[in-house]
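K.L.:
Structure: upload_31.cif, mmCIF, C-alpha atoms.
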```cif
data_query
loop_
_atom_site.label_atom_id
_atom_site.label_comp_id
_atom_site.auth_asym_id
_atom_site.auth_seq_id
_atom_site.Cartn_x
_atom_site.Cartn_y
_atom_site.Cartn_z
CA MET A 1 67.80 119.09 96.72
CA PRO A 2 70.86 119.72 98.92
CA LEU A 3 74.06 118.27 97.50
CA THR A 4 74.74 116.23 100.62
CA SER A 5 71.38 114.46 100.43
CA ARG A 6 71.91 112.91 96.99
CA PHE A 7 74.21 110.24 98.36
CA ALA A 8 72.95 110.08 101.93
CA ALA A 9 71.20 106.76 101.42
CA GLY A 10 74.43 105.12 100.20
CA LEU A 11 75.37 103.39 96.98
CA ALA A 12 72.12 101.43 96.92
CA VAL A 13 70.38 104.63 95.87
CA ALA A 14 72.96 105.18 93.15
CA LEU A 15 72.31 101.70 91.83
CA THR A 16 68.59 102.31 91.46
CA ALA A 17 69.14 105.81 90.09
CA GLY A 18 71.31 104.53 87.26
CA LEU A 19 74.60 106.14 88.33
CA LEU A 20 76.34 102.79 88.59
CA VAL A 21 77.19 100.86 85.45
CA GLY A 22 75.86 97.31 85.40
CA SER A 23 73.33 95.58 87.62
CA ALA A 24 72.93 95.16 91.35
CA PRO A 25 74.69 91.81 91.97
CA LEU A 26 78.15 93.30 91.45
CA ARG A 27 79.58 91.39 94.41
CA ALA A 28 77.32 88.38 94.45
CA GLN A 29 78.68 84.88 94.97
CA ALA A 30 81.99 86.20 96.28
CA GLY A 31 84.61 83.66 97.29
CA GLY A 32 85.01 81.54 94.14
CA THR A 33 86.68 82.18 90.81
CA ALA A 34 85.74 81.61 87.19
CA SER A 35 87.22 82.10 83.71
CA LEU A 36 86.22 84.11 80.67
CA ASP A 37 86.57 83.31 76.98
CA VAL A 38 86.11 86.48 74.94
CA VAL A 39 86.04 87.08 71.19
CA VAL A 40 86.59 90.63 69.93
CA VAL A 41 85.49 91.53 66.39
CA ASP A 42 85.04 94.64 64.27
CA SER A 43 81.74 95.90 62.87
CA ALA A 44 82.11 93.57 59.87
CA GLY A 45 82.59 90.54 62.13
CA GLY A 46 86.33 90.19 61.53
CA PRO A 47 88.62 89.31 64.45
CA ILE A 48 90.75 92.04 66.05
CA ALA A 49 94.14 91.11 67.48
CA GLU A 50 96.05 92.88 70.26
CA VAL A 51 92.93 94.09 72.05
CA LEU A 52 93.52 94.62 75.76
CA VAL A 53 90.80 92.86 77.75
CA GLU A 54 90.30 93.65 81.44
CA VAL A 55 87.78 92.32 83.95
CA ALA A 56 86.81 94.31 87.05
CA GLY A 57 88.37 92.63 90.08
CA VAL A 58 91.20 90.96 88.16
CA ARG A 59 94.67 92.47 88.31
CA GLY A 60 96.03 93.42 84.89
CA GLY A 61 94.63 92.25 81.56
CA VAL A 62 95.23 89.98 78.58
CA ARG A 63 95.45 90.63 74.83
CA THR A 64 93.57 88.89 72.05
CA ASN A 65 95.42 86.66 69.57
CA ASP A 66 95.19 86.77 65.78
CA LEU A 67 91.75 85.17 65.98
CA GLY A 68 90.52 87.91 68.30
CA VAL A 69 90.31 85.43 71.18
CA ALA A 70 91.53 85.81 74.76
CA ARG A 71 91.02 83.97 78.05
CA VAL A 72 90.98 85.61 81.48
CA ASN A 73 91.39 83.35 84.51
CA GLY A 74 90.88 83.99 88.21
CA VAL A 75 87.73 86.08 87.87
CA PRO A 76 85.81 86.43 91.16
CA ALA A 77 82.28 85.07 90.89
CA GLY A 78 79.43 87.50 90.38
CA THR A 79 78.39 90.06 87.79
CA ARG A 80 81.40 92.02 86.53
CA LEU A 81 82.26 94.50 83.83
CA VAL A 82 84.54 93.42 80.98
CA TYR A 83 86.46 96.17 79.15
CA ALA A 84 88.11 96.04 75.70
CA TYR A 85 90.58 98.63 74.36
CA ARG A 86 92.64 98.97 71.19
CA LEU A 87 94.20 101.99 69.52
CA GLY A 88 92.13 103.04 66.53
CA PHE A 89 88.88 101.65 67.95
CA GLY A 90 86.37 102.96 70.42
CA ALA A 91 86.57 101.19 73.78
CA ALA A 92 83.72 98.91 74.80
CA ARG A 93 82.39 97.37 77.99
CA VAL A 94 79.91 94.57 78.65
CA SER A 95 78.46 93.02 81.80
CA VAL A 96 79.08 89.28 82.28
CA GLN A 97 77.82 86.89 84.96
CA PHE A 98 80.49 84.57 86.39
CA ALA A 99 79.74 81.35 88.30
CA THR A 100 82.32 79.64 90.49
CA GLY A 101 84.31 77.04 88.56
CA ALA A 102 82.61 77.83 85.24
CA VAL A 103 83.88 79.37 82.01
CA ALA A 104 81.79 82.31 80.82
CA SER A 105 81.94 83.55 77.25
CA THR A 106 81.14 86.82 75.55
CA ARG A 107 81.57 88.53 72.19
CA ILE A 108 82.56 92.18 71.99
CA THR A 109 82.31 94.36 68.90
CA LEU A 110 84.59 97.37 68.54
CA THR A 111 83.87 100.17 66.11
CA THR A 112 86.47 102.35 64.42
CA ASP A 113 87.24 105.48 66.39
CA ALA A 114 85.86 108.63 64.80
CA VAL A 115 88.44 111.03 63.38
CA THR A 116 88.20 114.67 64.45
CA LEU A 117 88.35 116.93 61.41
CA ALA A 118 90.41 120.10 61.42
CA GLY A 119 88.43 123.31 61.60
CA VAL A 120 85.62 121.91 63.75
CA GLN A 121 84.91 124.27 66.63
CA VAL A 122 84.11 122.69 69.99
CA VAL A 123 81.83 124.78 72.17
CA VAL A 124 82.60 124.39 75.86
CA ASP A 125 79.53 123.74 77.98
CA PRO A 126 78.22 126.74 79.94
CA VAL A 127 78.41 127.18 83.69
CA VAL A 128 76.74 124.25 85.43
CA ARG A 129 74.51 125.55 88.19
CA SER A 130 75.15 122.64 90.57
CA LEU A 131 78.92 123.09 90.23
CA GLN A 132 78.59 126.79 90.83
CA GLN A 133 76.55 126.18 93.99
CA ALA A 134 79.13 123.66 95.20
CA GLY A 135 81.93 126.21 94.84
CA PHE A 136 83.64 124.27 92.02
CA TYR A 137 84.36 127.29 89.82
CA ALA A 138 85.56 129.45 92.71
CA ARG A 139 88.09 126.79 93.69
CA GLN A 140 89.09 126.32 90.06
CA ARG A 141 89.92 130.02 89.80
CA ARG A 142 92.32 129.67 92.75
CA GLY A 143 94.30 127.16 90.69
CA MET A 144 95.32 124.99 93.63
CA GLY A 145 94.17 121.58 92.34
CA ALA A 146 93.45 119.65 89.15
CA PHE A 147 90.01 120.16 87.60
CA MET A 148 87.94 118.47 84.92
CA THR A 149 84.51 119.61 83.75
CA GLY A 150 81.79 117.57 82.08
CA ASP A 151 82.71 118.65 78.55
CA ARG A 152 86.27 117.38 79.04
CA ILE A 153 84.99 114.10 80.53
CA ASP A 154 82.72 113.63 77.51
CA GLU A 155 85.65 114.34 75.19
CA LEU A 156 87.87 111.73 76.88
CA ARG A 157 85.12 109.07 76.92
CA PRO A 158 86.62 107.12 79.85
CA MET A 159 85.34 103.62 80.55
CA ARG A 160 85.59 104.08 84.31
CA THR A 161 85.70 107.08 86.60
CA VAL A 162 89.12 105.98 87.87
CA ASP A 163 90.52 106.32 84.33
CA LEU A 164 90.13 110.10 84.54
CA PHE A 165 92.96 110.27 87.04
CA ARG A 166 95.46 108.96 84.54
CA ARG A 167 95.29 112.50 83.13
CA MET A 168 95.28 114.47 86.38
CA ARG A 169 98.53 115.75 87.82
CA GLY A 170 99.56 114.45 91.20
CA PHE A 171 97.66 111.13 90.93
CA LYS A 172 98.18 107.61 89.63
CA VAL A 173 95.98 104.54 89.24
CA VAL A 174 96.97 101.36 91.09
CA TYR A 175 95.48 97.94 91.86
CA ASP A 176 94.43 97.20 95.42
CA ALA A 177 94.86 93.83 97.17
CA ARG A 178 91.52 92.60 95.77
CA GLY A 179 92.41 93.47 92.18
CA PHE A 180 90.24 96.57 91.96
CA MET A 181 91.63 99.88 90.74
CA ASP A 182 92.31 102.56 93.32
CA LEU A 183 93.94 106.00 93.49
CA GLN A 184 97.19 107.13 95.01
CA THR A 185 98.88 110.49 95.04
CA THR A 186 102.36 110.68 93.57
CA ARG A 187 103.63 112.41 96.66
CA GLY A 188 104.02 111.24 100.26
CA THR A 189 103.73 113.31 103.42
CA ALA A 190 106.64 113.49 105.83
CA GLY A 191 105.90 112.07 109.27
CA LEU A 192 102.78 110.21 108.12
CA GLY A 193 104.40 107.12 106.63
CA ASN A 194 102.98 105.87 103.36
CA CYS A 195 100.46 108.67 103.04
CA THR A 196 99.34 108.31 99.44
CA THR A 197 95.64 107.34 99.49
CA PRO A 198 93.32 110.33 98.96
CA VAL A 199 89.94 110.78 100.62
CA ILE A 200 87.04 110.68 98.14
CA PHE A 201 83.84 112.75 98.35
CA LEU A 202 80.80 112.15 96.13
CA ASP A 203 78.47 115.15 95.95
CA GLY A 204 80.00 116.44 99.17
CA VAL A 205 79.62 113.17 101.11
CA ARG A 206 82.76 111.36 102.23
CA ILE A 207 83.19 107.79 100.97
CA PRO A 208 84.59 105.46 103.69
CA ALA A 209 88.12 104.28 102.99
CA ARG A 210 88.97 100.59 102.45
CA THR A 211 85.39 99.62 101.62
CA SER A 212 83.54 98.24 98.62
CA ALA A 213 81.79 101.63 98.39
CA ARG A 214 85.09 103.22 97.40
CA GLU A 215 85.67 100.54 94.75
CA ASP A 216 82.17 101.05 93.39
CA VAL A 217 82.60 104.82 93.10
CA LEU A 218 85.87 104.52 91.19
CA SER A 219 85.04 101.54 88.97
CA PHE A 220 81.26 101.41 88.56
CA ILE A 221 79.95 104.98 88.63
CA ASN A 222 79.22 105.89 85.02
CA PRO A 223 81.63 108.71 84.04
CA GLU A 224 78.88 110.17 81.87
CA SER A 225 76.98 110.99 85.08
CA LEU A 226 79.77 113.31 86.31
CA ALA A 227 79.49 117.07 85.95
CA GLY A 228 82.95 117.77 87.33
CA VAL A 229 85.98 116.42 89.19
CA GLU A 230 88.39 118.16 91.57
CA ALA A 231 91.63 116.55 92.77
CA TYR A 232 94.03 117.84 95.41
CA ALA A 233 97.25 115.91 95.95
CA GLY A 234 97.73 117.10 99.53
CA GLY A 235 99.14 119.79 101.74
CA ALA A 236 97.99 123.39 101.54
CA SER A 237 96.20 122.83 98.22
CA ILE A 238 93.25 121.06 99.91
CA PRO A 239 90.24 123.38 100.44
CA ALA A 240 89.62 124.01 104.13
CA GLU A 241 85.99 122.87 103.91
CA TYR A 242 87.15 119.40 102.82
CA ASN A 243 90.17 119.16 105.09
CA PHE A 244 88.32 118.98 108.41
CA THR A 245 89.62 115.42 108.88
CA GLY A 246 93.21 116.46 108.31
CA SER A 247 93.27 114.78 104.88
CA ALA A 248 96.93 115.47 104.19
CA CYS A 249 97.05 112.46 101.86
CA GLY A 250 94.90 114.23 99.28
CA VAL A 251 91.24 114.82 98.50
CA VAL A 252 89.12 114.00 95.43
CA LEU A 253 85.72 115.63 94.87
CA LEU A 254 83.30 114.04 92.40
CA TRP A 255 80.18 115.97 91.39
CA THR A 256 77.29 114.29 89.53
CA ARG A 257 75.03 115.89 86.98
CA THR A 258 71.57 117.04 88.06
CA GLN A 259 68.38 117.00 86.03
#
```
As a first step, turn the structure in this file into structure tokens.

P.N.:
Amino acid sequence: MPLTSRFAAGLAVALTAGLLVGSAPLRAQAGGTASLDVVVVDSAGGPIAEVLVEVAGVRGGVRTNDLGVARVNGVPAGTRLVYAYRLGFGAARVSVQFATGAVASTRITLTTDAVTLAGVQVVVDPVVRSLQQAGFYARQRRGMGAFMTGDRIDELRPMRTVDLFRRMRGFKVVYDARGFMDLQTTRGTAGLGNCTTPVIFLDGVRIPARTSAREDVLSFINPESLAGVEAYAGGASIPAEYNFTGSACGVVLLWTRTQ
């Protein structure tokens, strides 16, 4: 199947194909807000303090108290992902339904992060045919952008696709006006004003800017479905085949795994 056809039907296809984390009503019942009471425990049922809890669509996060309890207010109604992080534990995410004016509750269990033993050899995954066909490896050899292959993504175990860019040079993660995470380059472009928002392509198809589709790609596409990521912060580093729109503000290419 041609790379450009895998996303041609839009994000609705991705939802049914299982690329997006969570269920379809991600933006249902928009307009109202709710609250969340969350309890975070370890595998033995004991409370965990100082866990960072974030809800998709809410700017920032809160930390659990000594009882492992936290409350998040101002959550937009609908089905949203709740994330929990703490050093020494594996991160976790759950899907929670929020109704306007109501207080939802959930319990999250974190397990101790596995320790990597010295002397264990990690075998890098072989050439991925779809990436080779897309020209990923050829562009990687030129060394003009930042690259991440599937083995590295699996090693990092990010909760969201957007989290990958915390480790890619030339990019930073920010919150947009709606509270969703977005990308910016760390460089501006003279003469173009505040030119910091990169164009995003998924399997070679451009994602419209300033739309919920962009938010869904960055926050709800399962990182485990990605075979590779390319990121170009702007200028001459952007490949000509993805700079036909004059994308001087940067370009991000996301490639999904194929069966």

K.L.:
Could you check how far CA of Arg214 in chain A sits from CA of Val252 in chain A, in Å to one decimal?

P.N.:
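Taking CA of Arg214 in chain A as the start and CA of Val252 in chain A as the end point, the length is 11.7 Å.
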
K.L.:
Applying the PyMOL selection byres ((chain A and resi 60) around 12) to the file I just gave you, which residues come out? Please list them as a list in words.

P.N.:
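Written out, the selection comes to Leu52, Val53, Glu54, Val55, Ala56, Gly57, Val58, Arg59, Gly61, Val62, Arg63, Val72, Asn73, Gly74, Val75, Tyr83, Val173, Val174, Tyr175, Asp176, Arg178, Gly179, Phe180 and Met181 of chain A.
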
K.L.:
Could you list, as a PyMOL selection string, every residue within 7 Å of Arg80 in chain A, counting all atoms listed in the file and ignoring same-chain residues fewer than 2 positions away?

P.N.:
chain A and resi 26+55-56+78+82+95-97

K.L.:
Given the file shown, determine the residues that the PyMOL selection byres ((chain A and resi 251) around 8) selects; report them as a VMD selection string.

P.N.:
chain A and resid 198 to 201 231 to 234 238 242 to 243 247 249 to 250 252 to 253

K.L.:
What would the file look like if the residues just selected were written as an mmCIF file, in the frame of the given file with C-alpha atoms?

P.N.:
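Writing the result to out.cif gives the following:
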```cif
data_model
loop_
_atom_site.group_PDB
_atom_site.id
_atom_site.type_symbol
_atom_site.label_atom_id
_atom_site.label_comp_id
_atom_site.auth_asym_id
_atom_site.auth_seq_id
_atom_site.Cartn_x
_atom_site.Cartn_y
_atom_site.Cartn_z
ATOM 1 C CA PRO A 198 93.320 110.330 98.960
ATOM 2 C CA VAL A 199 89.940 110.780 100.620
ATOM 3 C CA ILE A 200 87.040 110.680 98.140
ATOM 4 C CA PHE A 201 83.840 112.750 98.350
ATOM 5 C CA ALA A 231 91.630 116.550 92.770
ATOM 6 C CA TYR A 232 94.030 117.840 95.410
ATOM 7 C CA ALA A 233 97.250 115.910 95.950
ATOM 8 C CA GLY A 234 97.730 117.100 99.530
ATOM 9 C CA ILE A 238 93.250 121.060 99.910
ATOM 10 C CA TYR A 242 87.150 119.400 102.820
ATOM 11 C CA ASN A 243 90.170 119.160 105.090
ATOM 12 C CA SER A 247 93.270 114.780 104.880
ATOM 13 C CA CYS A 249 97.050 112.460 101.860
ATOM 14 C CA GLY A 250 94.900 114.230 99.280
ATOM 15 C CA VAL A 252 89.120 114.000 95.430
ATOM 16 C CA LEU A 253 85.720 115.630 94.870
#
```

K.L.:
So that I can see what lies close to Arg257 in chain A, please list as a short mmCIF file (atom, residue, chain, number, x, y, z; two decimals) with C-alpha atoms, in the frame of the given file the residues with an atom at most 6 Å from it, counting all atoms listed in the file and leaving out residues fewer than 6 positions away in the same chain.

P.N.:
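What ended up in selection.cif:
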```
data_model
loop_
_atom_site.label_atom_id
_atom_site.label_comp_id
_atom_site.auth_asym_id
_atom_site.auth_seq_id
_atom_site.Cartn_x
_atom_site.Cartn_y
_atom_site.Cartn_z
CA SER A 225 76.98 110.99 85.08
CA LEU A 226 79.77 113.31 86.31
CA ALA A 227 79.49 117.07 85.95
#
```

K.L.:
Which residues come within 10 Å of range 42-44 of chain A, counting all atoms listed in the file, excluding same-chain residues fewer than 4 positions away, as a VMD selection string?

P.N.:
chain A and resid 48 68 89 108 to 112

K.L.:
For the structure shown, which residues end up in the PyMOL selection byres ((chain A and resi 50) around 6)? Put them as a VMD selection string, please?

P.N.:
chain A and resid 49 51 63 to 64

K.L.:
Go ahead and find all residues with at least one atom no further than 12 Å from (93.4, 110.5, 87.6) in the file's coordinates, using all atoms listed in the file; report them as a ChimeraX atom specification.

P.N.:
/A:146-148,153,158,160-174,181-186,198,218,229-233,251-254

K.L.:
Have a look at CA of Pro47 in chain A and CA of Asn65 in chain A and let me know their distance in Å, one decimal.

P.N.:
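CA of Pro47 in chain A sits 8.9 Å away from CA of Asn65 in chain A.
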
K.L.:
Could you state the separation of CA of Val38 in chain A and CA of Arg93 in chain A in Å, given to one decimal place?

P.N.:
11.9 Å

K.L.:
Counting only C-alpha atoms, figure out which residue out of A:Gly45, A:Gly228, A:Pro239, A:Pro223 gets nearest to Asp203 in chain A.

P.N.:
A:Gly228

K.L.:
Using 6 Å of padding on each side, determine the axis-aligned box around all atoms of range 193-209 of chain A present in the file and give its centre and edge lengths in Å to one decimal, as JSON.

P.N.:
```
{"center_x": 91.4, "center_y": 110.4, "center_z": 101.3, "size_x": 37.9, "size_y": 24.2, "size_z": 22.7}
```
